[in-house]
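Printed here is protein16.pdb (PDB, C-alpha atoms):
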ATOM      1  CA  MET J   1      60.311  17.978  20.838
ATOM      2  CA  THR J   2      62.661  19.100  23.593
ATOM      3  CA  ALA J   3      66.195  18.864  22.236
ATOM      4  CA  PRO J   4      68.221  16.097  23.898
ATOM      5  CA  GLY J   5      70.010  17.314  26.994
ATOM      6  CA  THR J   6      68.244  20.679  27.192
ATOM      7  CA  GLY J   7      65.244  20.043  29.414
ATOM      8  CA  PRO J   8      62.657  17.527  30.620
ATOM      9  CA  ARG J   9      62.598  14.143  28.922
ATOM     10  CA  ALA J  10      59.207  14.782  27.342
ATOM     11  CA  VAL J  11      58.867  14.080  23.621
ATOM     12  CA  THR J  12      56.058  15.268  21.394
ATOM     13  CA  ALA J  13      54.323  12.329  19.770
ATOM     14  CA  PRO J  14      54.205  12.550  15.974
ATOM     15  CA  GLY J  15      50.918  13.861  14.643
ATOM     16  CA  THR J  16      49.364  14.669  18.017
ATOM     17  CA  GLY J  17      49.883  18.431  18.002
ATOM     18  CA  PRO J  18      51.559  20.872  20.378
ATOM     19  CA  GLY J  19      51.646  19.926  24.006
ATOM     20  CA  ALA J  20      51.016  16.216  23.550
ATOM     21  CA  VAL J  21      53.816  14.213  25.154
ATOM     22  CA  THR J  22      54.733  10.679  25.950
ATOM     23  CA  ALA J  23      55.795   9.567  29.384
ATOM     24  CA  PRO J  24      59.552   9.902  29.946
ATOM     25  CA  GLY J  25      61.504   6.678  29.621
ATOM     26  CA  THR J  26      63.170   4.996  32.564
ATOM     27  CA  GLY J  27      65.406   2.520  30.757
ATOM     28  CA  PRO J  28      68.902   2.854  29.286
ATOM     29  CA  ARG J  29      70.102   6.322  28.404
ATOM     30  CA  VAL J  30      70.275   6.877  24.652
ATOM     31  CA  ALA J  31      71.402  10.007  22.830
ATOM     32  CA  VAL J  32      70.469  11.247  19.359
ATOM     33  CA  GLY J  33      73.026  12.934  17.155
ATOM     34  CA  PRO J  34      74.387  14.973  15.582
ATOM     35  CA  GLY J  35      71.263  17.087  16.148
ATOM     36  CA  PRO J  36      67.669  16.680  17.319
ATOM     37  CA  ALA J  37      65.489  14.192  15.415
ATOM     38  CA  PRO J  38      61.904  13.990  16.718
ATOM     39  CA  TRP J  39      61.148  10.600  15.168
ATOM     40  CA  ALA J  40      64.273   9.050  16.717
ATOM     41  CA  ALA J  41      63.624  10.544  20.152
ATOM     42  CA  GLU J  42      60.034   9.316  20.040
ATOM     43  CA  ALA J  43      61.224   5.818  19.119
ATOM     44  CA  ILE J  44      63.674   5.799  22.035
ATOM     45  CA  VAL J  45      60.902   6.668  24.505
ATOM     46  CA  ARG J  46      58.460   4.153  23.026
ATOM     47  CA  GLY J  47      61.161   1.502  23.140
ATOM     48  CA  GLY J  48      61.604   2.054  26.862
ATOM     49  CA  GLY J  49      64.744   4.196  26.900
ATOM     50  CA  GLN J  50      65.569   7.690  28.098
ATOM     51  CA  VAL J  51      66.481  10.446  25.658
ATOM     52  CA  VAL J  52      69.598  12.163  26.966
ATOM     53  CA  GLY J  53      72.229  14.500  25.615
ATOM     54  CA  LEU J  54      75.611  13.333  24.392
ATOM     55  CA  ASP J  55      77.211  14.790  27.516
ATOM     56  CA  GLU J  56      74.862  12.919  29.856
ATOM     57  CA  ASP J  57      76.639   9.538  29.785
ATOM     58  CA  PRO J  58      74.476   7.698  27.233
ATOM     59  CA  ALA J  59      74.794   3.947  26.850
ATOM     60  CA  GLY J  60      73.537   4.075  23.286
ATOM     61  CA  LEU J  61      73.665   6.510  20.381
ATOM     62  CA  VAL J  62      71.223   6.876  17.492
ATOM     63  CA  TRP J  63      73.075   8.671  14.678
ATOM     64  CA  THR J  64      70.843  10.244  12.036
ATOM     65  CA  ASP J  65      73.257  11.847   9.551
ATOM     66  CA  GLY J  66      75.075   9.429   7.265
ATOM     67  CA  GLY J  67      77.308  12.186   5.973
ATOM     68  CA  ALA J  68      78.603  13.323   9.375
ATOM     69  CA  MET J  69      81.127  10.585  10.008
ATOM     70  CA  ASP J  70      83.798  12.948  11.335
ATOM     71  CA  ALA J  71      81.319  14.247  13.905
ATOM     72  CA  LEU J  72      80.439  10.683  14.877
ATOM     73  CA  ARG J  73      84.099   9.821  15.343
ATOM     74  CA  SER J  74      84.542  12.860  17.588
ATOM     75  CA  ALA J  75      81.441  12.020  19.595
ATOM     76  CA  LEU J  76      82.654   8.488  20.291
ATOM     77  CA  ALA J  77      86.285   9.395  20.977
ATOM     78  CA  THR J  78      85.508  10.893  24.398
ATOM     79  CA  ARG J  79      82.527   8.713  25.319
ATOM     80  CA  PRO J  80      83.706   5.152  25.951
ATOM     81  CA  LYS J  81      80.472   4.327  27.833
ATOM     82  CA  ILE J  82      78.542   4.255  24.558
ATOM     83  CA  SER J  83      78.236   0.531  23.912
ATOM     84  CA  TRP J  84      75.814   0.575  20.982
ATOM     85  CA  VAL J  85      75.557   2.805  17.900
ATOM     86  CA  GLN J  86      72.615   2.795  15.502
ATOM     87  CA  LEU J  87      73.678   3.993  12.040
ATOM     88  CA  PRO J  88      71.211   5.794   9.751
ATOM     89  CA  GLN J  89      71.799   3.849   6.531
ATOM     90  CA  ALA J  90      71.045   0.346   5.354
ATOM     91  CA  GLY J  91      74.450   0.313   3.650
ATOM     92  CA  VAL J  92      77.269   1.047   6.076
ATOM     93  CA  GLU J  93      80.302   1.254   3.775
ATOM     94  CA  ARG J  94      80.662   4.981   4.475
ATOM     95  CA  ALA J  95      81.094   4.303   8.186
ATOM     96  CA  PHE J  96      83.736   1.681   7.441
ATOM     97  CA  GLN J  97      85.549   3.928   4.988
ATOM     98  CA  ALA J  98      85.622   6.659   7.631
ATOM     99  CA  GLY J  99      87.149   4.214  10.115
ATOM    100  CA  VAL J 100      84.552   4.809  12.824
ATOM    101  CA  VAL J 101      83.386   1.204  13.213
ATOM    102  CA  ASP J 102      85.257  -0.555  16.001
ATOM    103  CA  ARG J 103      84.973  -3.955  17.642
ATOM    104  CA  GLN J 104      84.452  -2.600  21.156
ATOM    105  CA  ARG J 105      80.879  -1.484  20.482
ATOM    106  CA  ARG J 106      77.801  -3.041  18.939
ATOM    107  CA  TRP J 107      76.886  -1.420  15.628
ATOM    108  CA  THR J 108      73.555  -1.773  13.863
ATOM    109  CA  SER J 109      72.259  -0.515  10.513
ATOM    110  CA  ALA J 110      68.893   0.756   9.305
ATOM    111  CA  LYS J 111      68.398  -2.245   7.056
ATOM    112  CA  GLY J 112      64.721  -2.579   6.196
ATOM    113  CA  ALA J 113      63.713   1.022   6.855
ATOM    114  CA  PHE J 114      64.233   1.915   3.198
ATOM    115  CA  ALA J 115      62.988  -1.295   1.565
ATOM    116  CA  GLU J 116      59.522  -0.144   0.502
ATOM    117  CA  PRO J 117      60.328   3.274  -0.995
ATOM    118  CA  VAL J 118      63.513   2.024  -2.685
ATOM    119  CA  ALA J 119      61.728  -0.969  -4.236
ATOM    120  CA  GLU J 120      59.005   1.393  -5.443
ATOM    121  CA  HIS J 121      61.649   3.642  -6.988
ATOM    122  CA  ALA J 122      63.294   0.662  -8.687
ATOM    123  CA  LEU J 123      59.985  -0.291 -10.278
ATOM    124  CA  ALA J 124      59.471   3.303 -11.415
ATOM    125  CA  LEU J 125      62.883   3.280 -13.122
ATOM    126  CA  ILE J 126      62.131  -0.037 -14.854
ATOM    127  CA  LEU J 127      58.798   1.174 -16.197
ATOM    128  CA  ALA J 128      60.143   4.592 -17.179
ATOM    129  CA  GLY J 129      62.923   2.912 -19.126
ATOM    130  CA  LEU J 130      60.785   0.348 -20.913
ATOM    131  CA  ARG J 131      58.139   2.959 -21.757
ATOM    132  CA  GLN J 132      60.790   5.488 -22.899
ATOM    133  CA  LEU J 133      59.356   8.157 -20.617
ATOM    134  CA  LYS J 134      62.565  10.202 -20.561
ATOM    135  CA  GLY J 135      62.299  10.918 -24.269
ATOM    136  CA  ARG J 136      58.521  11.303 -24.162
ATOM    137  CA  ALA J 137      58.688  13.867 -21.367
ATOM    138  CA  ARG J 138      61.069  16.052 -23.376
ATOM    139  CA  ALA J 139      59.478  15.595 -26.789
ATOM    140  CA  ARG J 140      58.069  18.571 -28.666
ATOM    141  CA  THR J 141      56.629  16.496 -31.539
ATOM    142  CA  TRP J 142      54.307  13.499 -31.552
ATOM    143  CA  GLY J 143      57.026  10.944 -32.328
ATOM    144  CA  GLU J 144      56.903   7.306 -33.363
ATOM    145  CA  PRO J 145      55.070   4.576 -31.422
ATOM    146  CA  ALA J 146      57.499   2.696 -29.173
ATOM    147  CA  GLY J 147      57.731   1.184 -25.719
ATOM    148  CA  GLU J 148      57.841  -2.243 -24.130
ATOM    149  CA  SER J 149      55.534  -3.952 -21.640
ATOM    150  CA  LEU J 150      56.810  -5.571 -18.463
ATOM    151  CA  PHE J 151      53.935  -8.073 -18.264
ATOM    152  CA  GLY J 152      55.288 -11.599 -18.216
ATOM    153  CA  ARG J 153      58.854 -10.499 -18.940
ATOM    154  CA  PRO J 154      61.701 -11.917 -16.816
ATOM    155  CA  VAL J 155      63.500  -9.738 -14.285
ATOM    156  CA  THR J 156      66.738 -10.554 -12.477
ATOM    157  CA  VAL J 157      67.304  -9.112  -9.007
ATOM    158  CA  VAL J 158      70.852  -9.195  -7.655
ATOM    159  CA  GLY J 159      70.548  -9.342  -3.868
ATOM    160  CA  ALA J 160      68.008 -11.031  -1.625
ATOM    161  CA  GLY J 161      67.379  -8.508   1.156
ATOM    162  CA  GLY J 162      64.409  -6.357   2.043
ATOM    163  CA  ILE J 163      64.394  -4.308  -1.170
ATOM    164  CA  ALA J 164      64.377  -7.463  -3.285
ATOM    165  CA  THR J 165      61.553  -8.948  -1.217
ATOM    166  CA  VAL J 166      59.351  -5.872  -1.602
ATOM    167  CA  LEU J 167      60.167  -5.518  -5.301
ATOM    168  CA  MET J 168      59.074  -9.093  -5.958
ATOM    169  CA  ARG J 169      55.731  -8.345  -4.299
ATOM    170  CA  LEU J 170      55.319  -5.257  -6.476
ATOM    171  CA  LEU J 171      56.038  -7.335  -9.584
ATOM    172  CA  GLU J 172      53.445 -10.008  -8.797
ATOM    173  CA  PRO J 173      50.538  -8.222 -10.545
ATOM    174  CA  VAL J 174      52.451  -8.126 -13.839
ATOM    175  CA  ARG J 175      53.219 -11.852 -13.635
ATOM    176  CA  THR J 176      56.962 -11.291 -13.837
ATOM    177  CA  PRO J 177      59.175 -14.361 -13.345
ATOM    178  CA  VAL J 178      61.985 -13.211 -11.063
ATOM    179  CA  THR J 179      65.460 -14.707 -10.812
ATOM    180  CA  VAL J 180      67.272 -13.811  -7.588
ATOM    181  CA  VAL J 181      71.063 -13.888  -7.360
ATOM    182  CA  ARG J 182      72.544 -14.235  -3.889
ATOM    183  CA  ARG J 183      75.728 -15.549  -2.311
ATOM    184  CA  HIS J 184      74.216 -18.975  -1.709
ATOM    185  CA  ALA J 185      71.461 -20.609  -3.717
ATOM    186  CA  GLU J 186      68.918 -21.184  -0.943
ATOM    187  CA  PRO J 187      65.493 -20.614  -2.535
ATOM    188  CA  VAL J 188      63.930 -17.186  -2.016
ATOM    189  CA  PRO J 189      60.145 -17.195  -1.516
ATOM    190  CA  GLY J 190      58.441 -15.604  -4.493
ATOM    191  CA  ALA J 191      61.356 -16.101  -6.879
ATOM    192  CA  ALA J 192      60.980 -18.320  -9.935
ATOM    193  CA  ARG J 193      64.570 -19.409  -9.386
ATOM    194  CA  THR J 194      67.484 -18.570  -7.112
ATOM    195  CA  LEU J 195      71.070 -18.733  -8.334
ATOM    196  CA  SER J 196      74.326 -18.357  -6.451
ATOM    197  CA  SER J 197      76.544 -15.384  -7.250
ATOM    198  CA  ASP J 198      78.984 -17.529  -9.214
ATOM    199  CA  ARG J 199      76.161 -18.000 -11.753
ATOM    200  CA  LEU J 200      75.552 -14.266 -12.207
ATOM    201  CA  THR J 201      76.244 -14.313 -15.944
ATOM    202  CA  GLU J 202      73.652 -17.041 -16.407
ATOM    203  CA  ALA J 203      71.118 -15.001 -14.447
ATOM    204  CA  LEU J 204      71.673 -11.915 -16.599
ATOM    205  CA  ALA J 205      70.966 -13.655 -19.884
ATOM    206  CA  GLY J 206      67.337 -13.353 -20.958
ATOM    207  CA  ALA J 207      66.327 -10.737 -18.364
ATOM    208  CA  ARG J 208      64.309  -7.750 -19.561
ATOM    209  CA  ALA J 209      65.515  -5.792 -16.544
ATOM    210  CA  VAL J 210      68.341  -6.352 -14.070
ATOM    211  CA  VAL J 211      67.946  -4.687 -10.672
ATOM    212  CA  LEU J 212      70.873  -4.291  -8.278
ATOM    213  CA  THR J 213      70.027  -4.268  -4.545
ATOM    214  CA  VAL J 214      73.202  -5.704  -2.993
ATOM    215  CA  ALA J 215      75.314  -4.098  -0.287
ATOM    216  CA  LEU J 216      78.640  -2.600  -1.347
ATOM    217  CA  THR J 217      81.453  -4.791  -0.039
ATOM    218  CA  PRO J 218      84.907  -5.656  -1.383
ATOM    219  CA  GLN J 219      83.253  -8.657  -3.060
ATOM    220  CA  THR J 220      80.510  -6.646  -4.803
ATOM    221  CA  ARG J 221      82.538  -3.593  -5.874
ATOM    222  CA  GLY J 222      82.559  -3.562  -9.675
ATOM    223  CA  LEU J 223      80.242  -6.577  -9.730
ATOM    224  CA  ILE J 224      78.704  -5.382 -12.984
ATOM    225  CA  GLY J 225      81.536  -4.815 -15.440
ATOM    226  CA  ARG J 226      82.224  -5.335 -19.120
ATOM    227  CA  ALA J 227      81.664  -9.105 -19.076
ATOM    228  CA  GLU J 228      78.392  -8.828 -17.168
ATOM    229  CA  LEU J 229      77.060  -6.042 -19.402
ATOM    230  CA  ALA J 230      77.968  -8.145 -22.436
ATOM    231  CA  ALA J 231      75.940 -11.007 -20.968
ATOM    232  CA  MET J 232      72.787  -8.864 -20.789
ATOM    233  CA  GLU J 233      70.229  -8.725 -23.581
ATOM    234  CA  PRO J 234      70.651  -5.872 -26.101
ATOM    235  CA  ASP J 235      67.275  -4.402 -25.057
ATOM    236  CA  ALA J 236      67.654  -4.998 -21.306
ATOM    237  CA  TRP J 237      67.620  -2.208 -18.727
ATOM    238  CA  LEU J 238      70.033  -2.088 -15.818
ATOM    239  CA  VAL J 239      68.591  -0.495 -12.649
ATOM    240  CA  ASN J 240      70.872   0.294  -9.724
ATOM    241  CA  VAL J 241      69.299   1.223  -6.363
ATOM    242  CA  ALA J 242      72.159  -0.292  -4.345
ATOM    243  CA  ARG J 243      75.424   1.664  -4.370
ATOM    244  CA  GLY J 244      77.218   3.253  -7.287
ATOM    245  CA  GLY J 245      80.375   1.216  -6.734
ATOM    246  CA  VAL J 246      78.569  -2.029  -7.574
ATOM    247  CA  VAL J 247      78.765  -0.967 -11.229
ATOM    248  CA  ASP J 248      81.941  -0.239 -13.203
ATOM    249  CA  THR J 249      81.072   3.280 -14.391
ATOM    250  CA  GLU J 250      83.521   3.247 -17.301
ATOM    251  CA  ALA J 251      82.179  -0.079 -18.542
ATOM    252  CA  LEU J 252      78.574   1.120 -18.257
ATOM    253  CA  THR J 253      79.344   4.333 -20.124
ATOM    254  CA  ALA J 254      80.920   2.336 -22.955
ATOM    255  CA  ALA J 255      77.985  -0.111 -23.064
ATOM    256  CA  LEU J 256      75.490   2.754 -23.369
ATOM    257  CA  GLN J 257      77.560   4.569 -25.988
ATOM    258  CA  GLN J 258      77.750   1.417 -28.099
ATOM    259  CA  GLY J 259      74.070   0.501 -27.640
ATOM    260  CA  GLN J 260      75.119  -2.746 -26.009
ATOM    261  CA  ILE J 261      72.135  -2.671 -23.615
ATOM    262  CA  GLY J 262      68.746  -0.982 -23.830
ATOM    263  CA  GLY J 263      69.494   1.565 -21.126
ATOM    264  CA  ALA J 264      70.054   2.125 -17.430
ATOM    265  CA  GLY J 265      68.212   3.697 -14.510
ATOM    266  CA  LEU J 266      70.545   4.827 -11.758
ATOM    267  CA  ASP J 267      69.579   6.173  -8.349
ATOM    268  CA  VAL J 268      73.233   5.853  -7.310
ATOM    269  CA  THR J 269      76.457   6.531  -9.196
ATOM    270  CA  ASP J 270      80.205   6.227  -8.824
ATOM    271  CA  PRO J 271      81.378   8.890  -8.226
ATOM    272  CA  GLU J 272      78.490  10.388  -6.290
ATOM    273  CA  PRO J 273      77.264  13.025  -6.819
ATOM    274  CA  LEU J 274      77.939  12.518 -10.506
ATOM    275  CA  PRO J 275      79.905  15.596 -11.659
ATOM    276  CA  ALA J 276      78.437  17.930 -14.239
ATOM    277  CA  GLY J 277      79.929  17.152 -17.619
ATOM    278  CA  HIS J 278      80.485  13.454 -16.840
ATOM    279  CA  PRO J 279      80.024  11.281 -19.977
ATOM    280  CA  LEU J 280      77.112   9.438 -18.376
ATOM    281  CA  TRP J 281      74.977  12.588 -18.481
ATOM    282  CA  ARG J 282      75.206  12.575 -22.272
ATOM    283  CA  GLN J 283      73.840   9.068 -22.784
ATOM    284  CA  PRO J 284      70.304   9.096 -24.218
ATOM    285  CA  GLY J 285      69.409   5.693 -22.793
ATOM    286  CA  LEU J 286      69.969   6.734 -19.213
ATOM    287  CA  LEU J 287      67.797   7.915 -16.329
ATOM    288  CA  ILE J 288      69.561   9.315 -13.253
ATOM    289  CA  SER J 289      67.917  10.285  -9.968
ATOM    290  CA  PRO J 290      70.070  11.824  -7.210
ATOM    291  CA  HIS J 291      69.979   9.002  -4.632
ATOM    292  CA  VAL J 292      66.384   9.721  -3.654
ATOM    293  CA  GLY J 293      64.973   6.184  -3.653
ATOM    294  CA  GLY J 294      64.617   6.212   0.116
ATOM    295  CA  ALA J 295      63.433   9.812   0.335
ATOM    296  CA  SER J 296      59.787   9.060   0.906
ATOM    297  CA  SER J 297      57.105   9.871   3.453
ATOM    298  CA  ALA J 298      57.052   6.119   4.086
ATOM    299  CA  PHE J 299      60.555   6.203   5.571
ATOM    300  CA  PHE J 300      60.012   7.972   8.884
ATOM    301  CA  PRO J 301      57.044   5.893  10.129
ATOM    302  CA  ARG J 302      58.866   2.689   9.213
ATOM    303  CA  ALA J 303      62.151   3.892  10.705
ATOM    304  CA  ASP J 304      60.287   4.878  13.864
ATOM    305  CA  ARG J 305      58.768   1.387  14.208
ATOM    306  CA  LEU J 306      62.071  -0.359  13.526
ATOM    307  CA  MET J 307      63.902   1.900  15.955
ATOM    308  CA  ALA J 308      61.340   1.382  18.729
ATOM    309  CA  ALA J 309      61.635  -2.390  18.303
ATOM    310  CA  GLN J 310      65.421  -2.141  18.349
ATOM    311  CA  LEU J 311      65.332  -0.036  21.523
ATOM    312  CA  ALA J 312      63.024  -2.553  23.180
ATOM    313  CA  ARG J 313      65.629  -5.246  22.515
ATOM    314  CA  PHE J 314      68.394  -3.015  23.847
ATOM    315  CA  VAL J 315      66.405  -2.271  27.016
ATOM    316  CA  ALA J 316      65.665  -5.955  27.544
ATOM    317  CA  GLY J 317      69.236  -7.035  26.890
ATOM    318  CA  GLN J 318      68.121  -9.098  23.897
ATOM    319  CA  PRO J 319      70.135  -9.606  20.695
ATOM    320  CA  LEU J 320      69.885  -6.623  18.368
ATOM    321  CA  GLU J 321      68.839  -6.878  14.738
ATOM    322  CA  ASN J 322      70.776  -5.681  11.690
ATOM    323  CA  VAL J 323      74.077  -6.081  13.521
ATOM    324  CA  VAL J 324      77.012  -4.843  11.452
ATOM    325  CA  LYS J 325      79.716  -7.468  10.975
ATOM    326  CA  PRO J 326      83.127  -5.839  10.505
ATOM    327  CA  SER J 327      84.507  -9.063   9.070
ATOM    328  CA  ALA J 328      82.022  -8.863   6.147
TER     329      ALA J 328
END
Would it be possible to restate this file's structure as structure tokens?
Amino acid sequence: MTAPGTGPRAVTAPGTGPGAVTAPGTGPRVAVGPGPAPWAAEAIVRGGGQVVGLDEDPAGLVWTDGGAMDALRSALATRPKISWVQLPQAGVERAFQAGVVDRQRRWTSAKGAFAEPVAEHALALILAGLRQLKGRARARTWGEPAGESLFGRPVTVVGAGGIATVLMRLLEPVRTPVTVVRRHAEPVPGAARTLSSDRLTEALAGARAVVLTVALTPQTRGLIGRAELAAMEPDAWLVNVARGGVVDTEALTAALQQGQIGGAGLDVTDPEPLPAGHPLWRQPGLLISPHVGGASSAFFPRADRLMAAQLARFVAGQPLENVVKPSA
């Protein structure tokens, strides 16, 4: 791919080999930052836009590095013509914490791009926990028979977005009755029951696994604390593929130390990265992966499709999807 702003607006199509290009776009000018990203540039062209450099008066900006918030702030500070910013994450709390989100521009998230790989990772953590694969993988003797089946066992999913939807589909073959907890109790297709968030404790009781998929907001920070962990079954597994701050780390550490729950599978922690020597690392009933649930070959094709559709709406002046609401 030609780097934005350094030559002709020709973009190599993914998987077509050297020299294969798409036709240059003629629609709104959209930049990619902080550096080149072939999949994003391709999506801009397929959506009807032009790939331009940051210094070529773009109307839109596709940002691909969720950790480079200072660079994003600097890029926007001198470019008031940018009216729309596409953020790289489904969860946008980092952008809010960095103070880059303003009300003068339209901001959209990557909600949905990570749903399939993250739901798959959540299921892997559930099964690894119930089947005690952490201990089995490290064993040097045969050991005692142990392990639980997920077939027909109830699972509670906190959150009703894309990850929850995909996870419920993955659970269908094992005939798992799923309880979904969301802000309002409108029924969720595929769920055995849907409860409002004020009934969270009720939803936790009886579940063999509890999976957290909610966005991190002031309302969900510390959502799972001492009272909620006490409401879980003594053999239940807590799986967090949302954000680390949704769980009270101190309360979880105490619950694991005391054997209050069966265990936990965490793809996210608070703090993150989890420091070496942190008490959580010493808990036997714990699986930790370093926030890799979305790191899958499935991400880029899906992100490319979502981005192209988003660009088509931007070009046509239609309402954008996944709009970030500062008030929330």
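As for atom CA of Ile82 of chain J and atom CA of Gly317 of chain J, they are spaced 14.8 Å apart.
Taking atom CA of Pro88 of chain J and atom CA of Gly27 of chain J as endpoints, the distance between them is 22.0 Å.
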Margin query: as JSON, numbers by chain, please: the residues near segment 169-182 of chain J (cut-off 10 Å, only C-alpha atoms, same-chain neighbours under 4 positions excluded).
Written below: {"J": [116, 119, 120, 123, 149, 150, 151, 152, 153, 154, 155, 156, 157, 158, 159, 160, 161, 164, 165, 186, 187, 188, 189, 190, 191, 192, 193, 194, 195, 196, 197, 198, 199, 200, 202, 203, 204, 207, 208, 209, 210, 211, 212, 214]}
Item checked: Ground truth for the PyMOL selection byres ((chain J and resi 245) around 8), written as a ChimeraX atom specification -> /J:216,221-222,243-244,246-249,269-271
Next item on the list: Between atom CA of Lys325 of chain J and atom CA of Val241 of chain J, measure the distance and give it in Å to one decimal.
Entry: 22.0 Å
Item checked: Of the listed residues J:Ala31, J:Ala251, J:Ala264, J:Ile163, that which approaches Leu311 of chain J most closely, counting all atoms listed in the file -> J:Ala31
Margin query: Here is a test: counting all atoms listed in the file, which residue of J:Ala110, J:Ala215, J:Ala276, J:Leu229 is nearest to Glu321 of chain J?
Written below: J:Ala110
Next item on the list: Output the residue selection produced by the PyMOL selection byres ((chain J and resi 129-134) around 9) on the file above, formatted as an MDAnalysis selection string.
Entry: chainID J and resid 124:128 135:139 146:150 208:209 236:237 262:265 284:287
Would you compute, for all listed atoms of segment 209-226 of chain J, the axis-aligned bounding box grown by 4 Å on each side, and then report its centre and edge lengths in Å rounded to one decimal, as JSON?
{"center_x": 75.2, "center_y": -5.6, "center_z": -9.6, "size_x": 27.4, "size_y": 14.1, "size_z": 27.1}
Check: Applied to the shown file, which residues does the PyMOL selection byres ((chain J and resi 52) around 7) return, written as number ranges by chain?
Finding: J: 4-5, 29-31, 50-51, 53-54, 56, 58
Margin query: Using all atoms listed in the file for the distances, tell me which of J:Leu280, J:Val32, J:Ala312, J:Ala255 is nearest to Leu72 of chain J.
Written below: J:Val32
Next item on the list: Write out as a VMD selection string the residues lying within 12 Å of Gly66 of chain J, counting only C-alpha atoms and excluding same-chain residues fewer than 4 positions away.
Entry: chain J and resid 33 to 34 62 70 to 72 86 to 96 98 100 109 to 110
